[in-house]
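*Asks:* What follows is the file model.txt, containing compact mmCIF, C-alpha atoms and all ligand atoms:
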# COMPACT_ATOMS: atom_id res chain seq x y z
CA MET A 1 -41.51 -15.61 -20.02
CA ALA A 2 -37.79 -15.40 -20.50
CA PRO A 3 -36.36 -12.09 -19.31
CA ALA A 4 -35.32 -9.82 -22.16
CA ALA A 5 -31.68 -8.81 -22.31
CA SER A 6 -31.29 -5.23 -21.12
CA PRO A 7 -30.08 -2.72 -23.73
CA ILE A 8 -26.34 -2.10 -23.64
CA PRO A 9 -25.71 1.41 -22.30
CA GLN A 10 -23.05 3.76 -23.60
CA ARG A 11 -19.90 2.72 -21.75
CA LYS A 12 -17.95 5.00 -19.41
CA ILE A 13 -14.26 4.15 -19.49
CA ILE A 14 -11.49 5.91 -17.57
CA HIS A 15 -7.83 5.50 -18.44
CA LEU A 16 -5.39 6.61 -15.78
CA ASP A 17 -1.65 7.01 -16.27
CA CYS A 18 0.84 8.32 -13.71
CA ASP A 19 3.04 11.21 -14.77
CA CYS A 20 6.73 10.29 -15.25
CA PHE A 21 6.03 7.43 -12.87
CA PHE A 22 9.47 6.14 -11.80
CA ALA A 23 10.81 9.71 -11.59
CA ALA A 24 7.74 10.86 -9.64
CA VAL A 25 8.35 8.20 -6.99
CA GLU A 26 12.01 9.19 -6.75
CA MET A 27 11.14 12.90 -6.38
CA ARG A 28 8.54 12.09 -3.76
CA ASP A 29 11.01 10.07 -1.71
CA THR A 30 13.87 12.53 -2.12
CA PRO A 31 12.31 16.00 -2.19
CA ALA A 32 15.67 17.63 -3.00
CA LEU A 33 15.34 16.11 -6.49
CA ALA A 34 12.05 17.85 -7.26
CA GLY A 35 12.21 20.60 -9.87
CA LYS A 36 15.60 19.47 -11.21
CA PRO A 37 16.07 17.59 -14.49
CA LEU A 38 16.14 13.92 -13.58
CA VAL A 39 16.08 10.56 -15.28
CA VAL A 40 15.66 7.12 -13.83
CA GLY A 41 17.70 4.51 -15.64
CA GLY A 42 20.91 2.62 -16.17
CA ARG A 43 24.34 4.04 -15.59
CA PRO A 44 25.89 6.00 -18.48
CA ASN A 45 29.17 4.07 -18.40
CA ARG A 46 27.30 0.76 -18.77
CA ARG A 47 25.41 1.80 -21.87
CA GLY A 48 22.27 2.22 -19.81
CA VAL A 49 19.10 3.74 -21.19
CA VAL A 50 16.56 6.15 -19.74
CA ALA A 51 13.53 4.37 -18.25
CA THR A 52 11.82 7.72 -17.78
CA ALA A 53 12.60 11.41 -17.53
CA ASN A 54 10.78 13.95 -15.38
CA TYR A 55 9.10 16.84 -17.17
CA GLU A 56 12.04 19.20 -16.45
CA ALA A 57 14.40 16.79 -18.25
CA ARG A 58 11.93 16.38 -21.13
CA GLN A 59 12.41 20.07 -21.92
CA PHE A 60 15.94 19.15 -23.01
CA GLY A 61 14.56 16.58 -25.46
CA ILE A 62 15.26 13.65 -23.18
CA LYS A 63 12.93 10.66 -23.63
CA SER A 64 12.41 7.08 -22.48
CA ALA A 65 14.71 4.52 -24.15
CA MET A 66 17.36 7.16 -24.96
CA PRO A 67 20.92 6.19 -23.94
CA VAL A 68 21.77 7.90 -20.65
CA ALA A 69 25.06 9.05 -22.15
CA ARG A 70 23.15 10.95 -24.86
CA ALA A 71 20.77 12.40 -22.26
CA LEU A 72 23.77 13.71 -20.35
CA ARG A 73 25.08 15.39 -23.47
CA LEU A 74 21.70 17.12 -23.92
CA CYS A 75 21.64 18.20 -20.28
CA PRO A 76 24.99 18.06 -18.43
CA GLN A 77 23.41 18.90 -15.05
CA LEU A 78 21.02 15.93 -15.41
CA ILE A 79 20.59 13.80 -12.28
CA VAL A 80 20.57 10.06 -13.00
CA VAL A 81 18.92 7.83 -10.42
CA PRO A 82 19.14 4.02 -10.66
CA THR A 83 15.93 2.08 -11.16
CA ASN A 84 14.31 0.66 -8.04
CA ILE A 85 11.60 -1.50 -9.51
CA GLU A 86 10.48 -3.08 -6.23
CA ARG A 87 9.64 0.33 -4.82
CA TYR A 88 7.65 1.28 -7.93
CA ARG A 89 5.81 -2.03 -7.76
CA LYS A 90 4.66 -1.30 -4.20
CA VAL A 91 3.47 2.17 -5.18
CA SER A 92 1.70 0.66 -8.17
CA LEU A 93 -0.23 -1.78 -5.95
CA ALA A 94 -1.26 1.01 -3.59
CA ILE A 95 -2.59 3.01 -6.55
CA ARG A 96 -4.57 0.00 -7.81
CA ASP A 97 -6.16 -0.30 -4.36
CA ILE A 98 -7.41 3.26 -4.81
CA PHE A 99 -8.85 2.42 -8.25
CA ARG A 100 -10.71 -0.55 -6.77
CA LEU A 101 -12.51 1.67 -4.29
CA TYR A 102 -14.52 2.91 -7.26
CA THR A 103 -15.13 -0.24 -9.32
CA ASP A 104 -14.22 -3.96 -9.52
CA LEU A 105 -13.63 -3.50 -13.23
CA VAL A 106 -9.99 -2.44 -13.11
CA GLU A 107 -7.62 -3.65 -15.83
CA PRO A 108 -4.02 -2.71 -15.14
CA ALA A 109 -2.21 -2.08 -18.41
CA SER A 110 1.25 -1.55 -16.92
CA LEU A 111 2.72 -0.59 -13.54
CA ASP A 112 1.44 2.97 -13.83
CA GLU A 113 -1.70 2.77 -15.93
CA ALA A 114 -5.08 1.12 -15.86
CA TYR A 115 -8.47 1.10 -17.51
CA LEU A 116 -11.59 1.32 -15.37
CA ASP A 117 -15.13 0.63 -16.52
CA VAL A 118 -17.42 2.78 -14.38
CA THR A 119 -20.52 2.46 -16.59
CA HIS A 120 -22.50 1.04 -13.68
CA SER A 121 -20.61 2.57 -10.79
CA LYS A 122 -22.82 4.33 -8.29
CA CYS A 123 -19.89 6.40 -7.00
CA CYS A 124 -19.85 10.16 -7.51
CA HIS A 125 -23.52 10.20 -8.59
CA GLY A 126 -22.64 8.02 -11.57
CA SER A 127 -20.39 10.67 -13.14
CA ALA A 128 -17.26 9.16 -14.69
CA THR A 129 -15.65 12.61 -14.74
CA TRP A 130 -16.16 12.99 -11.01
CA VAL A 131 -14.82 9.48 -10.40
CA ALA A 132 -11.71 10.40 -12.40
CA GLU A 133 -11.28 13.62 -10.41
CA ALA A 134 -11.84 11.81 -7.11
CA ILE A 135 -9.19 9.22 -8.00
CA ARG A 136 -6.73 11.88 -9.11
CA ALA A 137 -7.21 13.77 -5.87
CA LYS A 138 -6.81 10.63 -3.75
CA VAL A 139 -3.63 9.57 -5.58
CA ARG A 140 -2.25 13.08 -5.14
CA THR A 141 -2.94 13.25 -1.40
CA GLU A 142 -2.37 9.63 -0.38
CA ILE A 143 0.39 8.50 -2.78
CA ARG A 144 1.79 12.00 -3.30
CA ILE A 145 2.32 11.74 -7.04
CA THR A 146 0.18 13.04 -9.90
CA ILE A 147 -1.85 10.94 -12.30
CA SER A 148 -3.51 12.02 -15.55
CA ALA A 149 -6.87 10.68 -16.65
CA GLY A 150 -8.99 10.36 -19.75
CA VAL A 151 -12.71 9.69 -19.81
CA ALA A 152 -14.49 8.42 -22.92
CA ALA A 153 -16.83 5.73 -24.24
CA ASN A 154 -14.08 3.23 -25.12
CA LYS A 155 -10.54 2.23 -24.21
CA PHE A 156 -8.89 3.76 -27.28
CA LEU A 157 -10.37 7.22 -26.75
CA ALA A 158 -9.86 7.11 -22.98
CA LYS A 159 -6.16 6.35 -23.52
CA VAL A 160 -5.70 9.13 -26.03
CA ALA A 161 -7.54 11.45 -23.62
CA SER A 162 -5.33 10.62 -20.62
CA GLY A 163 -2.26 11.68 -22.61
CA TRP A 164 -3.88 14.86 -23.92
CA ARG A 165 -3.11 17.20 -21.01
CA LYS A 166 -0.16 15.55 -19.34
CA PRO A 167 1.16 16.07 -16.74
CA ASN A 168 -1.58 16.21 -14.09
CA GLY A 169 -4.40 16.61 -16.58
CA LEU A 170 -7.93 15.38 -17.09
CA THR A 171 -9.56 15.20 -20.50
CA VAL A 172 -13.13 14.14 -21.09
CA ILE A 173 -14.25 13.19 -24.59
CA SER A 174 -18.02 13.17 -24.37
CA PRO A 175 -19.85 11.02 -26.95
CA ASP A 176 -21.17 14.08 -28.83
CA LYS A 177 -17.64 15.49 -29.21
CA ALA A 178 -15.93 12.19 -30.03
CA ASP A 179 -16.30 12.26 -33.81
CA ALA A 180 -14.90 15.76 -34.26
CA PHE A 181 -12.09 14.93 -31.83
CA ILE A 182 -11.07 11.80 -33.75
CA ARG A 183 -11.26 13.43 -37.18
CA ALA A 184 -8.68 16.01 -36.11
CA LEU A 185 -6.49 13.52 -34.25
CA PRO A 186 -2.92 13.35 -35.68
CA VAL A 187 -2.21 9.75 -36.72
CA GLU A 188 0.83 9.54 -34.46
CA LYS A 189 -1.49 9.93 -31.46
CA ILE A 190 -3.21 6.64 -32.32
CA PRO A 191 -1.84 3.97 -29.96
CA GLY A 192 0.32 1.55 -31.95
CA VAL A 193 1.29 4.09 -34.60
CA GLY A 194 5.02 4.55 -34.16
CA ARG A 195 7.49 6.54 -36.16
CA VAL A 196 7.64 4.06 -39.06
CA THR A 197 3.87 3.72 -39.51
CA ALA A 198 3.40 7.47 -39.13
CA GLY A 199 6.09 8.03 -41.78
CA LYS A 200 4.33 5.71 -44.25
CA LEU A 201 0.97 7.38 -43.59
CA HIS A 202 2.44 10.84 -44.06
CA ALA A 203 3.82 9.63 -47.39
CA PHE A 204 0.18 8.97 -48.45
CA ASP A 205 -0.60 12.50 -47.26
CA VAL A 206 -2.50 11.07 -44.32
CA LYS A 207 -1.97 13.35 -41.32
CA THR A 208 -5.10 12.85 -39.23
CA ALA A 209 -7.55 10.08 -38.38
CA GLY A 210 -10.02 11.97 -40.60
CA ASP A 211 -7.59 11.59 -43.55
CA LEU A 212 -7.18 7.93 -42.66
CA ARG A 213 -10.92 7.35 -43.10
CA GLN A 214 -10.55 8.14 -46.80
CA ILE A 215 -8.21 5.18 -47.34
CA PRO A 216 -10.04 1.93 -48.14
CA GLN A 217 -9.56 -0.73 -45.46
CA ALA A 218 -8.21 -3.20 -48.06
CA ARG A 219 -5.43 -0.74 -48.85
CA LEU A 220 -4.55 -0.37 -45.16
CA VAL A 221 -4.49 -4.17 -44.73
CA GLU A 222 -2.23 -4.46 -47.77
CA GLN A 223 0.19 -1.98 -46.20
CA PHE A 224 0.02 -2.84 -42.50
CA GLY A 225 -1.41 -6.37 -42.27
CA ARG A 226 -3.75 -6.97 -39.33
CA PHE A 227 -2.93 -3.58 -37.87
CA GLY A 228 -4.51 -2.11 -41.01
CA THR A 229 -7.91 -3.47 -39.91
CA ARG A 230 -7.39 -2.01 -36.47
CA LEU A 231 -6.39 1.35 -37.93
CA SER A 232 -9.52 1.40 -40.02
CA GLU A 233 -11.63 0.86 -36.86
CA LEU A 234 -9.72 3.27 -34.65
CA CYS A 235 -9.86 6.17 -37.10
CA ARG A 236 -13.65 5.83 -36.86
CA GLY A 237 -13.49 5.75 -33.08
CA GLU A 238 -14.56 2.10 -32.92
CA ASP A 239 -13.13 0.02 -30.08
CA GLU A 240 -15.28 -2.64 -28.47
CA ARG A 241 -12.58 -4.16 -26.26
CA PRO A 242 -14.01 -4.76 -22.80
CA VAL A 243 -12.18 -3.80 -19.62
CA ARG A 244 -10.99 -7.14 -18.29
CA PRO A 245 -10.46 -7.12 -14.53
CA SER A 246 -7.15 -8.62 -13.44
CA ARG A 247 -8.47 -9.83 -10.13
CA PRO A 248 -10.98 -12.63 -10.67
CA LEU A 249 -14.31 -11.95 -9.05
CA LYS A 250 -15.24 -14.64 -6.54
CA SER A 251 -18.97 -14.15 -6.71
CA ILE A 252 -21.68 -11.94 -8.10
CA SER A 253 -24.65 -11.32 -5.86
CA VAL A 254 -27.34 -8.86 -4.90
CA GLU A 255 -29.27 -8.50 -1.69
CA HIS A 256 -32.05 -6.45 -0.19
CA THR A 257 -33.01 -5.56 3.36
CA PHE A 258 -36.77 -5.14 3.59
CA SER A 259 -38.24 -2.17 5.44
CA GLN A 260 -40.71 -4.62 7.00
CA ASP A 261 -39.82 -8.25 7.69
CA LEU A 262 -41.27 -10.76 5.21
CA PRO A 263 -43.58 -12.97 7.30
CA ASP A 264 -43.36 -16.29 5.42
CA GLN A 265 -41.95 -18.28 2.54
CA ASP A 266 -44.64 -17.10 0.13
CA ALA A 267 -43.77 -13.47 0.75
CA CYS A 268 -40.13 -14.28 0.12
CA ARG A 269 -41.00 -16.08 -3.12
CA ARG A 270 -42.85 -12.97 -4.28
CA ALA A 271 -39.74 -10.87 -3.55
CA LEU A 272 -37.43 -13.08 -5.60
CA PRO A 273 -38.22 -11.66 -9.08
CA MET A 274 -37.10 -8.23 -7.90
CA LEU A 275 -33.75 -9.70 -6.79
CA TRP A 276 -33.47 -11.80 -9.97
CA ASP A 277 -33.98 -8.66 -12.02
CA LYS A 278 -31.12 -6.95 -10.17
CA LEU A 279 -28.90 -10.03 -10.49
CA THR A 280 -29.44 -10.37 -14.25
CA LYS A 281 -28.37 -6.74 -14.66
CA CYS A 282 -25.08 -7.61 -12.93
CA LEU A 283 -24.73 -10.77 -15.03
CA ASP A 284 -25.24 -8.74 -18.22
CA ARG A 285 -22.57 -6.35 -17.10
CA HIS A 286 -20.11 -9.19 -16.63
CA HIS A 287 -21.14 -10.97 -19.85
CA ILE A 288 -22.35 -14.03 -17.94
CA ALA A 289 -25.08 -15.99 -19.67
CA TYR A 290 -28.27 -17.16 -17.91
CA VAL A 291 -31.39 -18.98 -19.03
CA GLY A 292 -33.45 -16.80 -21.36
CA HIS A 293 -30.60 -14.42 -22.05
CA THR A 294 -28.87 -16.29 -24.87
CA GLN A 295 -29.89 -18.81 -27.49
CA ALA A 296 -27.33 -21.34 -26.35
CA ALA A 297 -27.77 -23.14 -23.02
CA PRO A 298 -25.62 -21.29 -20.47
CA PRO A 299 -23.08 -23.30 -18.51
CA ALA A 300 -24.12 -24.79 -15.17
CA ALA A 301 -23.65 -22.44 -12.24
CA LYS A 302 -23.12 -22.61 -8.51
CA CYS A 303 -26.05 -20.63 -7.13
CA PHE A 304 -26.65 -19.50 -3.58
CA ILE A 305 -29.24 -17.80 -1.47
CA LYS A 306 -28.63 -15.84 1.70
CA VAL A 307 -31.37 -15.45 4.26
CA ARG A 308 -31.21 -13.26 7.35
CA PHE A 309 -34.04 -13.86 9.78
CA HIS A 310 -35.57 -11.10 11.91
CA ASP A 311 -33.31 -12.07 14.85
CA PHE A 312 -30.23 -11.63 12.58
CA ALA A 313 -29.58 -15.39 12.39
CA THR A 314 -28.16 -15.80 8.88
CA THR A 315 -27.97 -18.84 6.67
CA THR A 316 -26.59 -19.45 3.19
CA LEU A 317 -27.59 -22.35 1.01
CA GLU A 318 -25.84 -23.13 -2.23
CA ARG A 319 -26.04 -25.75 -4.93
CA ALA A 320 -23.69 -26.41 -7.84
CA GLY A 321 -24.59 -27.57 -11.35
CA GLN A 322 -27.70 -25.36 -11.57
CA ARG A 323 -29.38 -23.85 -14.59
CA LEU A 324 -29.05 -20.15 -13.87
CA GLU A 325 -32.69 -19.02 -13.71
CA LEU A 326 -35.23 -17.69 -11.23
CA ALA A 327 -36.59 -21.20 -10.49
CA CYS A 328 -33.20 -22.25 -9.13
CA PHE A 329 -33.42 -19.57 -6.41
CA GLU A 330 -37.03 -20.56 -5.64
CA ARG A 331 -35.82 -24.10 -4.89
CA LEU A 332 -32.97 -22.76 -2.74
CA LEU A 333 -35.42 -20.55 -0.87
CA GLU A 334 -37.45 -23.58 0.22
CA GLY A 335 -34.40 -25.18 1.81
CA ALA A 336 -33.16 -21.98 3.43
CA TRP A 337 -36.61 -21.11 4.83
CA LEU A 338 -36.88 -24.51 6.52
CA ARG A 339 -33.73 -23.72 8.50
CA GLY A 340 -35.47 -20.89 10.42
CA GLN A 341 -39.16 -20.69 9.60
CA LYS A 342 -39.42 -17.18 11.03
CA PRO A 343 -39.80 -13.70 9.55
CA ILE A 344 -37.03 -12.60 7.22
CA ARG A 345 -35.35 -9.17 7.11
CA LEU A 346 -32.85 -9.73 4.29
CA LEU A 347 -32.67 -11.87 1.15
CA GLY A 348 -29.71 -12.21 -1.19
CA ILE A 349 -29.07 -14.32 -4.29
CA GLY A 350 -25.94 -14.87 -6.35
CA ILE A 351 -23.50 -17.17 -8.07
CA ARG A 352 -20.00 -18.26 -7.15
CA LEU A 353 -17.40 -17.83 -9.84
CA GLU A 354 -14.76 -20.31 -8.68
CA ALA A 355 -14.08 -22.97 -11.30
CA HIS A 356 -16.25 -25.56 -9.56
CA THR A 357 -18.69 -25.90 -12.38
CA GLN A 358 -17.80 -28.09 -15.35
CA GLU A 359 -17.49 -25.03 -17.51
CA PRO A 360 -16.57 -21.99 -15.43
CA VAL A 361 -19.25 -19.31 -15.65
CA SER A 362 -16.44 -16.78 -15.37
CA LEU A 363 -15.21 -17.87 -18.79
CA ASP A 364 -16.59 -14.83 -20.57
CA LEU A 365 -15.06 -12.55 -18.00
CA PHE A 366 -11.49 -13.49 -18.55
CA GLY A 367 -11.47 -15.39 -21.82
P1 LIG B 1 4.97 5.62 -19.19
O1 LIG B 1 3.62 5.79 -18.57
O2 LIG B 1 5.04 5.35 -20.65
O3 LIG B 1 5.83 6.92 -18.95
P2 LIG B 1 5.92 7.83 -17.65
O4 LIG B 1 4.92 7.46 -16.62
O5 LIG B 1 7.33 7.83 -17.16
O6 LIG B 1 5.62 9.26 -18.24
P3 LIG B 1 4.23 9.86 -18.72
O7 LIG B 1 4.01 11.07 -17.85
O8 LIG B 1 4.46 10.23 -20.14
O9 LIG B 1 3.18 8.81 -18.55
O10 LIG B 1 5.74 4.47 -18.45
C1 LIG B 1 5.61 4.21 -17.06
C2 LIG B 1 6.93 3.79 -16.49
O11 LIG B 1 7.43 2.65 -17.20
C3 LIG B 1 8.00 4.84 -16.59
O12 LIG B 1 7.98 5.75 -15.49
C4 LIG B 1 9.25 4.03 -16.66
C5 LIG B 1 8.85 2.73 -17.31
N1 LIG B 1 9.29 2.69 -18.73
C6 LIG B 1 10.49 2.06 -19.02
O13 LIG B 1 11.15 1.49 -18.15
N2 LIG B 1 10.93 2.08 -20.32
C7 LIG B 1 10.23 2.69 -21.33
O14 LIG B 1 10.66 2.69 -22.50
C8 LIG B 1 8.99 3.34 -21.00
C9 LIG B 1 8.21 4.05 -22.08
C10 LIG B 1 8.58 3.32 -19.68
MG MG B 2 2.91 7.19 -17.15
What does the file become when written as structure tokens?

*Replies:*
Amino acid sequence: MAPAASPIPQRKIIHLDCDCFFAAVEMRDTPALAGKPLVVGGRPNRRGVVATANYEARQFGIKSAMPVARALRLCPQLIVVPTNIERYRKVSLAIRDIFRLYTDLVEPASLDEAYLDVTHSKCCHGSATWVAEAIRAKVRTEIRITISAGVAANKFLAKVASGWRKPNGLTVISPDKADAFIRALPVEKIPGVGRVTAGKLHAFDVKTAGDLRQIPQARLVEQFGRFGTRLSELCRGEDERPVRPSRPLKSISVEHTFSQDLPDQDACRRALPMLWDKLTKCLDRHHIAYVGHTQAAPPAAKCFIKVRFHDFATTTLERAGQRLELACFERLLEGAWLRGQKPIRLLGIGIRLEAHTQEPVSLDLFG
């Protein structure tokens, strides 16, 4: 019998965004700057613009993309620090390393922000809120800057949530609160709605996402083109975009160490369905097709088995061009068993994701 596809669980997405990122790095590295209004950006006499302003400078109305000369008029005591992008890049990589301690599914969205999918993460007892808090604490102590986070069931809501209590805030939009939250959301808080779009919407007397729901989609498309369709989805809280990891996974595998060694090949064969069940759950999570999961024939895969004998001798056997199904691992088991023919303490099965197969199985992951 073909294995049934597992039901898709409610997703747990975290969006993280550093507070006044470039300025935060500058204040960290030069503590005398902390607490004073500061912008990072081009020089005023060269028509430079503000890359970012710290929160003290924002109180004067200073914002990103504002000419530095104007910022100085708003706040004459403003400190202007030139941009040091290489330094920010290094800090950004160190922060991403922290994110990856909690999940492989990290999609950086810019130098200072990323989406994480922790739906299946076992960290922090499976609580996305606790993962977000753990990451925020680790960034604070190890990187010594603050990062705000939003937790929700999709990327759109998680992003809105991360901006909700900035700086140094955490906002969780639980599924039961999402609808009420969105209804009351001012349209200008919807990512992609800038001043011009907000102005047009206000002219229709549309102030919140709830108001936006009253406008027929066709009307929104007429006004805003493709973005109209998106607006119609977002105001209902719909956003199916997956978190696409930037770092390609090399393999997906599962393994199990048995409390008692498996004595022979038959015992190992009986253990394989349990491992296959675990593996298919991982494949589902990464949108990788396998036999019995989809109508269409899945692409050929490079499958492997790992066997650790009771004396810790370990062997791996792999074969490319395989139909991804339980029987493929049964065949691999025969070959791997013959290499030792002694009791087995650990079995693992998996697939490699390098583009060795005619059609890379990782296609769905990054396509
Ligand atoms: P943002 O995350 O948009 O802003 P921020 O981190 O400075 O402040 P916030 O607390 O509101 O998140 O952008 C990240 C960095 O990208 C920012 O520190 C500087 C840079 N940037 C520019 O260079 N130009 C811009 O117009 C913007 C918006 C950001
Ligand atoms: Mg930021």

*Asks:* Give me, as a PDB file with C-alpha atoms, keeping the file's coordinate frame, the set of residues whose atoms come within 9 Å of any atom of ligand MG 2 (chain B), counting only C-alpha atoms and all ligand atoms.

*Replies:*
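After the write, pocket_26.pdb holds the following:
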ATOM      1  CA  LEU A  16      -5.390   6.610 -15.780  1.00  0.00           C
ATOM      2  CA  ASP A  17      -1.650   7.010 -16.270  1.00  0.00           C
ATOM      3  CA  CYS A  18       0.840   8.320 -13.710  1.00  0.00           C
ATOM      4  CA  ASP A  19       3.040  11.210 -14.770  1.00  0.00           C
ATOM      5  CA  CYS A  20       6.730  10.290 -15.250  1.00  0.00           C
ATOM      6  CA  PHE A  21       6.030   7.430 -12.870  1.00  0.00           C
ATOM      7  CA  PHE A  22       9.470   6.140 -11.800  1.00  0.00           C
ATOM      8  CA  THR A  52      11.820   7.720 -17.780  1.00  0.00           C
ATOM      9  CA  SER A 110       1.250  -1.550 -16.920  1.00  0.00           C
ATOM     10  CA  LEU A 111       2.720  -0.590 -13.540  1.00  0.00           C
ATOM     11  CA  ASP A 112       1.440   2.970 -13.830  1.00  0.00           C
ATOM     12  CA  GLU A 113      -1.700   2.770 -15.930  1.00  0.00           C
ATOM     13  CA  ILE A 147      -1.850  10.940 -12.300  1.00  0.00           C
ATOM     14  CA  SER A 148      -3.510  12.020 -15.550  1.00  0.00           C
ATOM     15  CA  GLY A 163      -2.260  11.680 -22.610  1.00  0.00           C
TER      16      GLY A 163
END

*Asks:* Could you list, as a count of residues only, every residue within 10 Å of A:Pro82, counting only C-alpha atoms and ignoring same-chain residues fewer than 4 positions away?

*Replies:* 10

*Asks:* Please report the interatomic distance between atom CA of A:Thr208 and atom CA of A:Phe156 in Å with one decimal.

*Replies:*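 So the answer is 15.5 Å.
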
*Asks:* As a ChimeraX atom specification, please: the residues near stretch 89-104 of chain A (cut-off 10 Å, all atoms listed in the file, same-chain neighbours under 6 positions excluded).

*Replies:* /A:16,18,21-22,25,110-124,131-132,134-136,138-139,142-143,145,147,244-249

*Asks:* Given the point (-2.9, 9.2, -29.6) in the coordinates of this file, which residues lie within 10 Å, counting only C-alpha atoms, and how would they look as an NGL selection string?

*Replies:* :A and (156-164 or 182 or 185-193 or 209)
